[in-house]
file coords.cif (mmCIF, C-alpha atoms, pLDDT in the B column; chains and numbers go by the auth columns)
data_target
#
loop_
_atom_site.group_PDB
_atom_site.id
_atom_site.type_symbol
_atom_site.label_atom_id
_atom_site.label_comp_id
_atom_site.label_asym_id
_atom_site.label_seq_id
_atom_site.Cartn_x
_atom_site.Cartn_y
_atom_site.Cartn_z
_atom_site.B_iso_or_equiv
_atom_site.auth_seq_id
_atom_site.auth_asym_id
ATOM 1 C CA MET A 1 260.134 -35.540 169.779 40.00 25 A
ATOM 2 C CA THR A 2 257.396 -33.050 170.643 42.00 26 A
ATOM 3 C CA ASP A 3 258.627 -32.743 174.225 41.00 27 A
ATOM 4 C CA THR A 4 261.957 -31.330 173.120 40.00 28 A
ATOM 5 C CA VAL A 5 260.469 -28.707 170.785 39.00 29 A
ATOM 6 C CA PRO A 6 260.585 -25.218 172.304 42.00 30 A
ATOM 7 C CA GLN A 7 257.123 -24.013 173.247 43.00 31 A
ATOM 8 C CA GLU A 8 256.053 -20.943 171.391 47.00 32 A
ATOM 9 C CA ALA A 9 254.880 -18.200 173.720 45.00 33 A
ATOM 10 C CA HIS A 10 251.305 -18.310 172.481 47.00 34 A
ATOM 11 C CA LEU A 11 251.077 -22.112 172.573 48.00 35 A
ATOM 12 C CA SER A 12 251.505 -21.921 176.306 48.00 36 A
ATOM 13 C CA GLN A 13 248.574 -19.529 176.614 64.00 37 A
ATOM 14 C CA ASP A 14 245.636 -21.860 177.081 81.00 38 A
ATOM 15 C CA ALA A 15 242.458 -21.072 175.178 86.00 39 A
ATOM 16 C CA ARG A 16 244.043 -18.056 173.545 88.00 40 A
ATOM 17 C CA PHE A 17 241.830 -18.502 170.485 91.00 41 A
ATOM 18 C CA SER A 18 238.537 -19.460 172.126 92.00 42 A
ATOM 19 C CA TYR A 19 237.166 -15.897 171.722 92.00 43 A
ATOM 20 C CA GLU A 20 234.557 -16.234 174.433 90.00 44 A
ATOM 21 C CA GLY A 21 233.420 -12.647 173.836 90.00 45 A
ATOM 22 C CA LEU A 22 232.062 -13.489 170.373 93.00 46 A
ATOM 23 C CA ASP A 23 228.431 -13.618 171.527 94.00 47 A
ATOM 24 C CA ARG A 24 226.638 -15.920 169.062 94.00 48 A
ATOM 25 C CA VAL A 25 223.515 -13.741 169.069 97.00 49 A
ATOM 26 C CA ILE A 26 225.595 -10.875 167.675 97.00 50 A
ATOM 27 C CA HIS A 27 228.123 -12.882 165.629 97.00 51 A
ATOM 28 C CA GLU A 28 225.618 -14.420 163.202 96.00 52 A
ATOM 29 C CA LYS A 29 226.320 -12.904 159.787 95.00 53 A
ATOM 30 C CA ALA A 30 222.908 -11.336 159.066 96.00 54 A
ATOM 31 C CA ARG A 31 222.500 -9.985 162.605 97.00 55 A
ATOM 32 C CA LEU A 32 225.987 -8.495 162.418 96.00 56 A
ATOM 33 C CA GLY A 33 224.808 -6.545 159.382 96.00 57 A
ATOM 34 C CA VAL A 34 221.622 -5.435 161.161 97.00 58 A
ATOM 35 C CA LEU A 35 223.542 -4.223 164.218 97.00 59 A
ATOM 36 C CA THR A 36 226.137 -2.435 162.094 95.00 60 A
ATOM 37 C CA SER A 37 223.296 -0.685 160.260 95.00 61 A
ATOM 38 C CA LEU A 38 221.606 0.313 163.527 96.00 62 A
ATOM 39 C CA ILE A 39 224.623 1.557 165.464 95.00 63 A
ATOM 40 C CA GLY A 40 224.858 4.644 163.255 89.00 64 A
ATOM 41 C CA HIS A 41 221.175 5.453 163.725 91.00 65 A
ATOM 42 C CA PRO A 42 220.284 5.996 167.384 87.00 66 A
ATOM 43 C CA LYS A 43 216.761 7.047 166.448 88.00 67 A
ATOM 44 C CA GLY A 44 216.305 3.838 164.515 94.00 68 A
ATOM 45 C CA LEU A 45 215.825 2.606 160.997 96.00 69 A
ATOM 46 C CA ALA A 46 212.628 1.602 159.242 96.00 70 A
ATOM 47 C CA PHE A 47 212.137 -2.115 158.573 95.00 71 A
ATOM 48 C CA ALA A 48 212.246 -1.453 154.814 94.00 72 A
ATOM 49 C CA ASP A 49 215.574 0.384 155.056 94.00 73 A
ATOM 50 C CA LEU A 50 217.131 -2.394 157.129 96.00 74 A
ATOM 51 C CA LYS A 51 215.854 -4.964 154.666 95.00 75 A
ATOM 52 C CA ARG A 52 217.539 -3.171 151.788 95.00 76 A
ATOM 53 C CA LEU A 53 220.797 -2.409 153.633 94.00 77 A
ATOM 54 C CA CYS A 54 221.214 -6.014 154.767 95.00 78 A
ATOM 55 C CA ASP A 55 219.750 -7.637 151.646 95.00 79 A
ATOM 56 C CA LEU A 56 217.342 -9.785 153.667 96.00 80 A
ATOM 57 C CA THR A 57 213.843 -11.033 152.917 96.00 81 A
ATOM 58 C CA ASP A 58 210.909 -9.907 155.106 95.00 82 A
ATOM 59 C CA GLY A 59 210.852 -13.305 156.799 97.00 83 A
ATOM 60 C CA ASN A 60 214.585 -13.454 157.481 97.00 84 A
ATOM 61 C CA LEU A 61 214.777 -9.914 158.813 97.00 85 A
ATOM 62 C CA SER A 62 211.742 -10.519 161.076 96.00 86 A
ATOM 63 C CA ARG A 63 213.304 -13.688 162.433 97.00 87 A
ATOM 64 C CA HIS A 64 216.660 -12.034 163.165 98.00 88 A
ATOM 65 C CA LEU A 65 215.024 -8.974 164.741 98.00 89 A
ATOM 66 C CA GLN A 66 213.047 -11.296 166.996 97.00 90 A
ATOM 67 C CA VAL A 67 216.281 -12.952 168.191 98.00 91 A
ATOM 68 C CA LEU A 68 217.871 -9.537 168.806 98.00 92 A
ATOM 69 C CA GLN A 69 214.765 -8.289 170.611 98.00 93 A
ATOM 70 C CA ASP A 70 214.574 -11.403 172.813 98.00 94 A
ATOM 71 C CA ALA A 71 218.210 -10.813 173.781 98.00 95 A
ATOM 72 C CA GLY A 72 217.441 -7.198 174.705 98.00 96 A
ATOM 73 C CA LEU A 73 219.675 -5.784 171.987 98.00 97 A
ATOM 74 C CA VAL A 74 217.028 -3.992 169.909 98.00 98 A
ATOM 75 C CA GLU A 75 213.613 -2.470 170.386 97.00 99 A
ATOM 76 C CA LEU A 76 210.887 -2.386 167.759 96.00 100 A
ATOM 77 C CA ILE A 77 208.400 0.449 167.647 95.00 101 A
ATOM 78 C CA LYS A 78 205.341 -0.501 165.634 91.00 102 A
ATOM 79 C CA GLY A 79 203.199 2.304 164.311 89.00 103 A
ATOM 80 C CA PHE A 80 201.521 3.553 161.184 89.00 104 A
ATOM 81 C CA GLU A 81 202.634 5.807 158.364 86.00 105 A
ATOM 82 C CA ARG A 82 200.040 6.868 155.784 87.00 106 A
ATOM 83 C CA LYS A 83 197.699 4.290 157.360 87.00 107 A
ATOM 84 C CA ARG A 84 200.174 1.474 156.618 87.00 108 A
ATOM 85 C CA PRO A 85 202.022 -0.477 159.314 85.00 109 A
ATOM 86 C CA HIS A 86 205.472 0.991 159.871 90.00 110 A
ATOM 87 C CA THR A 87 208.122 -0.533 162.133 93.00 111 A
ATOM 88 C CA ILE A 88 211.145 1.329 163.429 96.00 112 A
ATOM 89 C CA CYS A 89 214.047 -0.692 164.890 97.00 113 A
ATOM 90 C CA HIS A 90 216.670 0.747 167.153 96.00 114 A
ATOM 91 C CA LEU A 91 219.477 -0.452 169.403 97.00 115 A
ATOM 92 C CA THR A 92 218.844 -0.386 173.147 97.00 116 A
ATOM 93 C CA ALA A 93 221.456 1.329 175.339 95.00 117 A
ATOM 94 C CA SER A 94 222.717 -2.022 176.648 96.00 118 A
ATOM 95 C CA GLY A 95 222.571 -3.454 173.118 97.00 119 A
ATOM 96 C CA ARG A 96 224.825 -0.664 171.910 95.00 120 A
ATOM 97 C CA GLN A 97 227.302 -1.362 174.710 95.00 121 A
ATOM 98 C CA ARG A 98 227.242 -5.132 174.082 96.00 122 A
ATOM 99 C CA PHE A 99 227.809 -4.581 170.395 96.00 123 A
ATOM 100 C CA LEU A 100 230.767 -2.295 171.123 95.00 124 A
ATOM 101 C CA ASP A 101 232.199 -4.946 173.484 95.00 125 A
ATOM 102 C CA TYR A 102 231.754 -7.575 170.779 96.00 126 A
ATOM 103 C CA LEU A 103 233.539 -5.324 168.264 95.00 127 A
ATOM 104 C CA THR A 104 236.539 -5.124 170.597 94.00 128 A
ATOM 105 C CA VAL A 105 236.859 -8.922 170.459 94.00 129 A
ATOM 106 C CA LEU A 106 236.309 -8.944 166.697 95.00 130 A
ATOM 107 C CA GLU A 107 239.121 -6.446 166.313 94.00 131 A
ATOM 108 C CA ARG A 108 241.340 -8.784 168.330 94.00 132 A
ATOM 109 C CA VAL A 109 240.521 -11.694 165.969 94.00 133 A
ATOM 110 C CA VAL A 110 241.563 -9.603 162.974 94.00 134 A
ATOM 111 C CA ARG A 111 244.757 -8.501 164.746 93.00 135 A
ATOM 112 C CA ASP A 112 245.622 -12.038 165.955 92.00 136 A
ATOM 113 C CA ALA A 113 245.102 -13.538 162.520 92.00 137 A
ATOM 114 C CA ALA A 114 247.055 -10.801 160.746 90.00 138 A
ATOM 115 C CA SER A 115 250.022 -11.118 163.081 89.00 139 A
ATOM 116 C CA ALA A 116 249.884 -14.944 162.958 87.00 140 A
ATOM 117 C CA ALA A 117 249.900 -14.849 159.155 87.00 141 A
ATOM 118 C CA LYS A 118 252.998 -12.664 159.249 84.00 142 A
ATOM 119 C CA ALA A 119 254.707 -14.981 161.757 77.00 143 A
ATOM 120 C CA ASP A 120 254.428 -17.941 159.338 65.00 144 A
ATOM 121 C CA ASP A 121 258.114 -18.308 158.652 48.00 145 A
ATOM 122 C CA ARG A 122 259.224 -18.015 162.216 57.00 146 A
ATOM 123 C CA ALA A 123 256.700 -20.659 163.313 51.00 147 A
ATOM 124 C CA ALA A 124 257.799 -22.986 160.524 50.00 148 A
ATOM 125 C CA ARG A 125 261.325 -23.009 161.933 53.00 149 A
ATOM 126 C CA ILE A 126 260.412 -24.103 165.473 53.00 150 A
ATOM 127 C CA LEU A 127 257.434 -26.420 165.055 53.00 151 A
ATOM 128 C CA PRO A 128 257.808 -30.090 164.118 51.00 152 A
ATOM 129 C CA ALA A 129 256.905 -31.086 160.543 44.00 153 A
ATOM 130 C CA MET B 1 207.224 12.483 155.981 40.00 9 B
ATOM 131 C CA THR B 2 209.945 9.985 155.104 42.00 10 B
ATOM 132 C CA ASP B 3 209.989 11.117 151.478 41.00 11 B
ATOM 133 C CA THR B 4 211.106 14.611 152.444 40.00 12 B
ATOM 134 C CA VAL B 5 213.965 13.470 154.685 39.00 13 B
ATOM 135 C CA PRO B 6 217.359 13.847 152.993 42.00 14 B
ATOM 136 C CA GLN B 7 218.845 10.481 152.075 43.00 15 B
ATOM 137 C CA GLU B 8 222.074 9.718 153.857 47.00 16 B
ATOM 138 C CA ALA B 9 224.805 8.688 151.478 45.00 17 B
ATOM 139 C CA HIS B 10 225.014 5.153 152.795 47.00 18 B
ATOM 140 C CA LEU B 11 221.245 4.594 152.850 48.00 19 B
ATOM 141 C CA SER B 12 221.308 4.904 149.099 47.00 20 B
ATOM 142 C CA GLN B 13 223.914 2.145 148.836 63.00 21 B
ATOM 143 C CA ASP B 14 221.802 -0.991 148.572 81.00 22 B
ATOM 144 C CA ALA B 15 222.897 -4.004 150.593 86.00 23 B
ATOM 145 C CA ARG B 16 225.857 -2.131 152.040 89.00 24 B
ATOM 146 C CA PHE B 17 225.700 -4.236 155.179 91.00 25 B
ATOM 147 C CA SER B 18 224.949 -7.656 153.718 92.00 26 B
ATOM 148 C CA TYR B 19 228.628 -8.731 154.016 92.00 27 B
ATOM 149 C CA GLU B 20 228.375 -11.487 151.419 90.00 28 B
ATOM 150 C CA GLY B 21 232.074 -12.298 151.932 90.00 29 B
ATOM 151 C CA LEU B 22 231.493 -13.569 155.472 93.00 30 B
ATOM 152 C CA ASP B 23 231.617 -17.243 154.463 94.00 31 B
ATOM 153 C CA ARG B 24 229.557 -19.108 157.088 94.00 32 B
ATOM 154 C CA VAL B 25 231.991 -22.032 157.120 97.00 33 B
ATOM 155 C CA ILE B 26 234.731 -19.680 158.312 97.00 34 B
ATOM 156 C CA HIS B 27 232.606 -17.224 160.317 97.00 35 B
ATOM 157 C CA GLU B 28 231.372 -19.742 162.925 96.00 36 B
ATOM 158 C CA LYS B 29 232.977 -18.779 166.249 95.00 37 B
ATOM 159 C CA ALA B 30 234.840 -22.022 167.033 96.00 38 B
ATOM 160 C CA ARG B 31 236.076 -22.465 163.454 97.00 39 B
ATOM 161 C CA LEU B 32 237.285 -18.867 163.433 96.00 40 B
ATOM 162 C CA GLY B 33 239.450 -19.766 166.435 95.00 41 B
ATOM 163 C CA VAL B 34 240.741 -22.914 164.734 97.00 42 B
ATOM 164 C CA LEU B 35 241.665 -21.047 161.541 97.00 43 B
ATOM 165 C CA THR B 36 243.327 -18.224 163.485 95.00 44 B
ATOM 166 C CA SER B 37 245.374 -20.838 165.349 95.00 45 B
ATOM 167 C CA LEU B 38 246.383 -22.569 162.119 96.00 46 B
ATOM 168 C CA ILE B 39 247.310 -19.562 159.998 95.00 47 B
ATOM 169 C CA GLY B 40 250.440 -18.968 162.072 89.00 48 B
ATOM 170 C CA HIS B 41 251.529 -22.606 161.733 91.00 49 B
ATOM 171 C CA PRO B 42 251.982 -23.599 158.091 87.00 50 B
ATOM 172 C CA LYS B 43 253.386 -26.980 159.119 88.00 51 B
ATOM 173 C CA GLY B 44 250.293 -27.621 161.196 94.00 52 B
ATOM 174 C CA LEU B 45 249.248 -28.051 164.794 96.00 53 B
ATOM 175 C CA ALA B 46 248.559 -31.237 166.708 96.00 54 B
ATOM 176 C CA PHE B 47 244.926 -31.984 167.547 95.00 55 B
ATOM 177 C CA ALA B 48 245.720 -31.657 171.275 94.00 56 B
ATOM 178 C CA ASP B 49 247.280 -28.204 170.820 94.00 57 B
ATOM 179 C CA LEU B 50 244.305 -26.972 168.800 96.00 58 B
ATOM 180 C CA LYS B 51 241.934 -28.348 171.417 95.00 59 B
ATOM 181 C CA ARG B 52 243.681 -26.396 174.148 95.00 60 B
ATOM 182 C CA LEU B 53 244.141 -23.180 172.162 94.00 61 B
ATOM 183 C CA CYS B 54 240.473 -23.090 171.153 95.00 62 B
ATOM 184 C CA ASP B 55 239.086 -24.549 174.395 95.00 63 B
ATOM 185 C CA LEU B 56 237.070 -27.212 172.571 96.00 64 B
ATOM 186 C CA THR B 57 236.136 -30.757 173.498 96.00 65 B
ATOM 187 C CA ASP B 58 237.408 -33.677 171.382 95.00 66 B
ATOM 188 C CA GLY B 59 233.958 -34.067 169.858 97.00 67 B
ATOM 189 C CA ASN B 60 233.487 -30.408 169.041 97.00 68 B
ATOM 190 C CA LEU B 61 236.938 -29.996 167.533 97.00 69 B
ATOM 191 C CA SER B 62 236.486 -33.152 165.428 96.00 70 B
ATOM 192 C CA ARG B 63 233.151 -31.901 164.167 97.00 71 B
ATOM 193 C CA HIS B 64 234.498 -28.473 163.220 98.00 72 B
ATOM 194 C CA LEU B 65 237.615 -29.931 161.574 98.00 73 B
ATOM 195 C CA GLN B 66 235.365 -32.174 159.499 97.00 74 B
ATOM 196 C CA VAL B 67 233.411 -29.130 158.259 98.00 75 B
ATOM 197 C CA LEU B 68 236.662 -27.314 157.433 98.00 76 B
ATOM 198 C CA GLN B 69 238.080 -30.376 155.701 98.00 77 B
ATOM 199 C CA ASP B 70 234.900 -30.924 153.650 98.00 78 B
ATOM 200 C CA ALA B 71 235.163 -27.288 152.516 98.00 79 B
ATOM 201 C CA GLY B 72 238.786 -27.814 151.457 98.00 80 B
ATOM 202 C CA LEU B 73 240.132 -25.352 154.021 98.00 81 B
ATOM 203 C CA VAL B 74 242.215 -27.752 156.123 98.00 82 B
ATOM 204 C CA GLU B 75 243.980 -31.068 155.712 97.00 83 B
ATOM 205 C CA LEU B 76 244.398 -33.663 158.436 96.00 84 B
ATOM 206 C CA ILE B 77 247.437 -35.900 158.542 95.00 85 B
ATOM 207 C CA LYS B 78 246.817 -38.929 160.697 91.00 86 B
ATOM 208 C CA GLY B 79 249.821 -40.774 162.027 89.00 87 B
ATOM 209 C CA PHE B 80 251.330 -42.209 165.179 89.00 88 B
ATOM 210 C CA GLU B 81 253.595 -40.792 167.847 86.00 89 B
ATOM 211 C CA ARG B 82 254.961 -43.159 170.501 87.00 90 B
ATOM 212 C CA LYS B 83 252.505 -45.739 169.154 87.00 91 B
ATOM 213 C CA ARG B 84 249.529 -43.494 169.894 87.00 92 B
ATOM 214 C CA PRO B 85 247.333 -41.935 167.187 85.00 93 B
ATOM 215 C CA HIS B 86 248.511 -38.423 166.425 90.00 94 B
ATOM 216 C CA THR B 87 246.690 -36.006 164.105 93.00 95 B
ATOM 217 C CA ILE B 88 248.260 -32.907 162.607 96.00 96 B
ATOM 218 C CA CYS B 89 245.949 -30.259 161.109 97.00 97 B
ATOM 219 C CA HIS B 90 247.079 -27.611 158.674 96.00 98 B
ATOM 220 C CA LEU B 91 245.559 -25.012 156.371 97.00 99 B
ATOM 221 C CA THR B 92 245.530 -25.795 152.656 97.00 100 B
ATOM 222 C CA ALA B 93 246.927 -23.160 150.294 95.00 101 B
ATOM 223 C CA SER B 94 243.430 -22.230 149.091 96.00 102 B
ATOM 224 C CA GLY B 95 242.158 -22.328 152.688 97.00 103 B
ATOM 225 C CA ARG B 96 244.798 -19.801 153.673 95.00 104 B
ATOM 226 C CA GLN B 97 243.773 -17.522 150.793 95.00 105 B
ATOM 227 C CA ARG B 98 240.049 -17.853 151.585 96.00 106 B
ATOM 228 C CA PHE B 99 240.706 -17.097 155.234 96.00 107 B
ATOM 229 C CA LEU B 100 242.720 -13.986 154.286 94.00 108 B
ATOM 230 C CA ASP B 101 239.862 -12.876 151.985 95.00 109 B
ATOM 231 C CA TYR B 102 237.391 -13.413 154.817 96.00 110 B
ATOM 232 C CA LEU B 103 239.582 -11.339 157.148 95.00 111 B
ATOM 233 C CA THR B 104 239.449 -8.449 154.691 94.00 112 B
ATOM 234 C CA VAL B 105 235.642 -8.431 154.973 94.00 113 B
ATOM 235 C CA LEU B 106 235.806 -8.810 158.758 95.00 114 B
ATOM 236 C CA GLU B 107 238.088 -5.797 158.914 94.00 115 B
ATOM 237 C CA ARG B 108 235.501 -3.867 156.909 94.00 116 B
ATOM 238 C CA VAL B 109 232.770 -4.819 159.423 94.00 117 B
ATOM 239 C CA VAL B 110 234.887 -3.473 162.286 94.00 118 B
ATOM 240 C CA ARG B 111 235.638 -0.292 160.346 93.00 119 B
ATOM 241 C CA ASP B 112 232.006 0.240 159.248 92.00 120 B
ATOM 242 C CA ALA B 113 230.686 -0.250 162.779 93.00 121 B
ATOM 243 C CA ALA B 114 233.318 1.993 164.342 90.00 122 B
ATOM 244 C CA SER B 115 232.660 4.815 161.907 90.00 123 B
ATOM 245 C CA ALA B 116 228.875 4.378 162.196 87.00 124 B
ATOM 246 C CA ALA B 117 229.115 4.573 165.992 87.00 125 B
ATOM 247 C CA LYS B 118 231.024 7.824 165.669 84.00 126 B
ATOM 248 C CA ALA B 119 228.473 9.222 163.215 77.00 127 B
ATOM 249 C CA ASP B 120 225.647 8.810 165.766 64.00 128 B
ATOM 250 C CA ASP B 121 225.005 12.490 166.322 48.00 129 B
ATOM 251 C CA ARG B 122 225.039 13.471 162.704 57.00 130 B
ATOM 252 C CA ALA B 123 222.566 10.696 161.846 51.00 131 B
ATOM 253 C CA ALA B 124 220.291 11.731 164.719 51.00 132 B
ATOM 254 C CA ARG B 125 219.907 15.161 163.154 53.00 133 B
ATOM 255 C CA ILE B 126 218.737 13.993 159.747 53.00 134 B
ATOM 256 C CA LEU B 127 216.683 10.861 160.415 53.00 135 B
ATOM 257 C CA PRO B 128 213.036 11.022 161.539 51.00 136 B
ATOM 258 C CA ALA B 129 212.253 10.152 165.169 45.00 137 B
#

call {"tool": "encode", "arguments": {"input": "coords.cif", "output": "structure tokens"}}
result
Amino acid sequence: MTDTVPQEAHLSQDARFSYEGLDRVIHEKARLGVLTSLIGHPKGLAFADLKRLCDLTDGNLSRHLQVLQDAGLVELIKGFERKRPHTICHLTASGRQRFLDYLTVLERVVRDAASAAKADDRAARILPA
Amino acid sequence: MTDTVPQEAHLSQDARFSYEGLDRVIHEKARLGVLTSLIGHPKGLAFADLKRLCDLTDGNLSRHLQVLQDAGLVELIKGFERKRPHTICHLTASGRQRFLDYLTVLERVVRDAASAAKADDRAARILPA
């Protein structure tokens, strides 16, 4: 039966939905929030601001920043403000570019899913039950 | 110093970038591909088609389908075709709705990041170095 069913155009495109560009370092939910916060602030954001914007605990934010730093996406500048430790986080130039590349793929996911959802009825007519 | 810096509008919005709606069951890269494949096929897709579309191994696809099934997002119909086991996967009605809700949040991430990237220069003028 399946052999005689017309192939849909996108079924013949192998690995169309593998989304290789969704770098797991960036895609993780909390890190996605951190990067989105940082991309608007080229001079960086204080640890406390990031914590509040992303609703993360000290430990979680530290852990995610470490992952992002190890991957070369962010830099941390540790200093003092009013004699208290003060950390500023900012995107690196290559981190900014990688995040923008990732966003291009993410936009494609949203577009693919939206157009697939709309194509429901058409697909129902040509695929086997 | 920080106290005298004007607050940007979005810095005063607590947890603006926490993206609570990014359900981790859906957000995982491979499962995102599976759900995007399925949303255009309300009558379901065969295991082999999903495997090819998402570029996953048998083991990986089985594992991810199990997670999606446990969360009530997909249903698996196991049968036979030409005497060989044949599994059809499809989104449940609530799975479809949850995936559409997730996509709304994902669209917001893309929009937030794009507008933050454009606001670079303005932010650079009002945030401390």

call {"tool": "residues_around", "arguments": {"input": "coords.cif", "residues": "Val91 (chain A)", "least_positions_apart": "6", "cutoff": "12 Å", "atoms": "all atoms listed in the file", "output": "PDB file with C-alpha atoms, keeping the file's coordinate frame"}}
result
ATOM      1  CA  ARG A  48     226.638 -15.920 169.062  1.00 94.00           C
ATOM      2  CA  VAL A  49     223.515 -13.741 169.069  1.00 97.00           C
ATOM      3  CA  ILE A  50     225.595 -10.875 167.675  1.00 97.00           C
ATOM      4  CA  GLU A  52     225.618 -14.420 163.202  1.00 96.00           C
ATOM      5  CA  ALA A  54     222.908 -11.336 159.066  1.00 96.00           C
ATOM      6  CA  ARG A  55     222.500  -9.985 162.605  1.00 97.00           C
ATOM      7  CA  VAL A  58     221.622  -5.435 161.161  1.00 97.00           C
ATOM      8  CA  ASN A  84     214.585 -13.454 157.481  1.00 97.00           C
ATOM      9  CA  LEU A  85     214.777  -9.914 158.813  1.00 97.00           C
ATOM     10  CA  LEU A  97     219.675  -5.784 171.987  1.00 98.00           C
ATOM     11  CA  VAL A  98     217.028  -3.992 169.909  1.00 98.00           C
ATOM     12  CA  GLU A  99     213.613  -2.470 170.386  1.00 97.00           C
ATOM     13  CA  LEU A 100     210.887  -2.386 167.759  1.00 96.00           C
TER      14      LEU A 100
END

call {"tool": "atom_distance", "arguments": {"input": "coords.cif", "atom1": "CA of Arg116 (chain B)", "atom2": "CA of Ala143 (chain A)"}}
result
22.7 Å

call {"tool": "interface_residues", "arguments": {"input": "coords.cif", "of": "chain A", "to": "chain B", "cutoff": "6 Å", "atoms": "only C-alpha atoms", "output": "CSV table (one decimal) with C-alpha atoms, in the coordinates of the input"}}
result
chain,number,residue,atom,x,y,z
A,38,ASP,CA,245.6,-21.9,177.1
A,39,ALA,CA,242.5,-21.1,175.2
A,40,ARG,CA,244.0,-18.1,173.5
A,41,PHE,CA,241.8,-18.5,170.5
A,42,SER,CA,238.5,-19.5,172.1
A,57,GLY,CA,224.8,-6.5,159.4
A,60,THR,CA,226.1,-2.4,162.1
A,63,ILE,CA,224.6,1.6,165.5
A,64,GLY,CA,224.9,4.6,163.3
A,65,HIS,CA,221.2,5.5,163.7
A,67,LYS,CA,216.8,7.0,166.4
A,76,ARG,CA,217.5,-3.2,151.8
A,77,LEU,CA,220.8,-2.4,153.6
A,78,CYS,CA,221.2,-6.0,154.8
A,79,ASP,CA,219.8,-7.6,151.6
A,137,ALA,CA,245.1,-13.5,162.5
A,140,ALA,CA,249.9,-14.9,163.0
A,141,ALA,CA,249.9,-14.8,159.2
A,143,ALA,CA,254.7,-15.0,161.8
A,144,ASP,CA,254.4,-17.9,159.3
A,147,ALA,CA,256.7,-20.7,163.3
A,153,ALA,CA,256.9,-31.1,160.5

call {"tool": "atom_distance", "arguments": {"input": "coords.cif", "atom1": "CA of Pro109 (chain A)", "atom2": "CA of Leu89 (chain A)"}}
result
16.5 Å
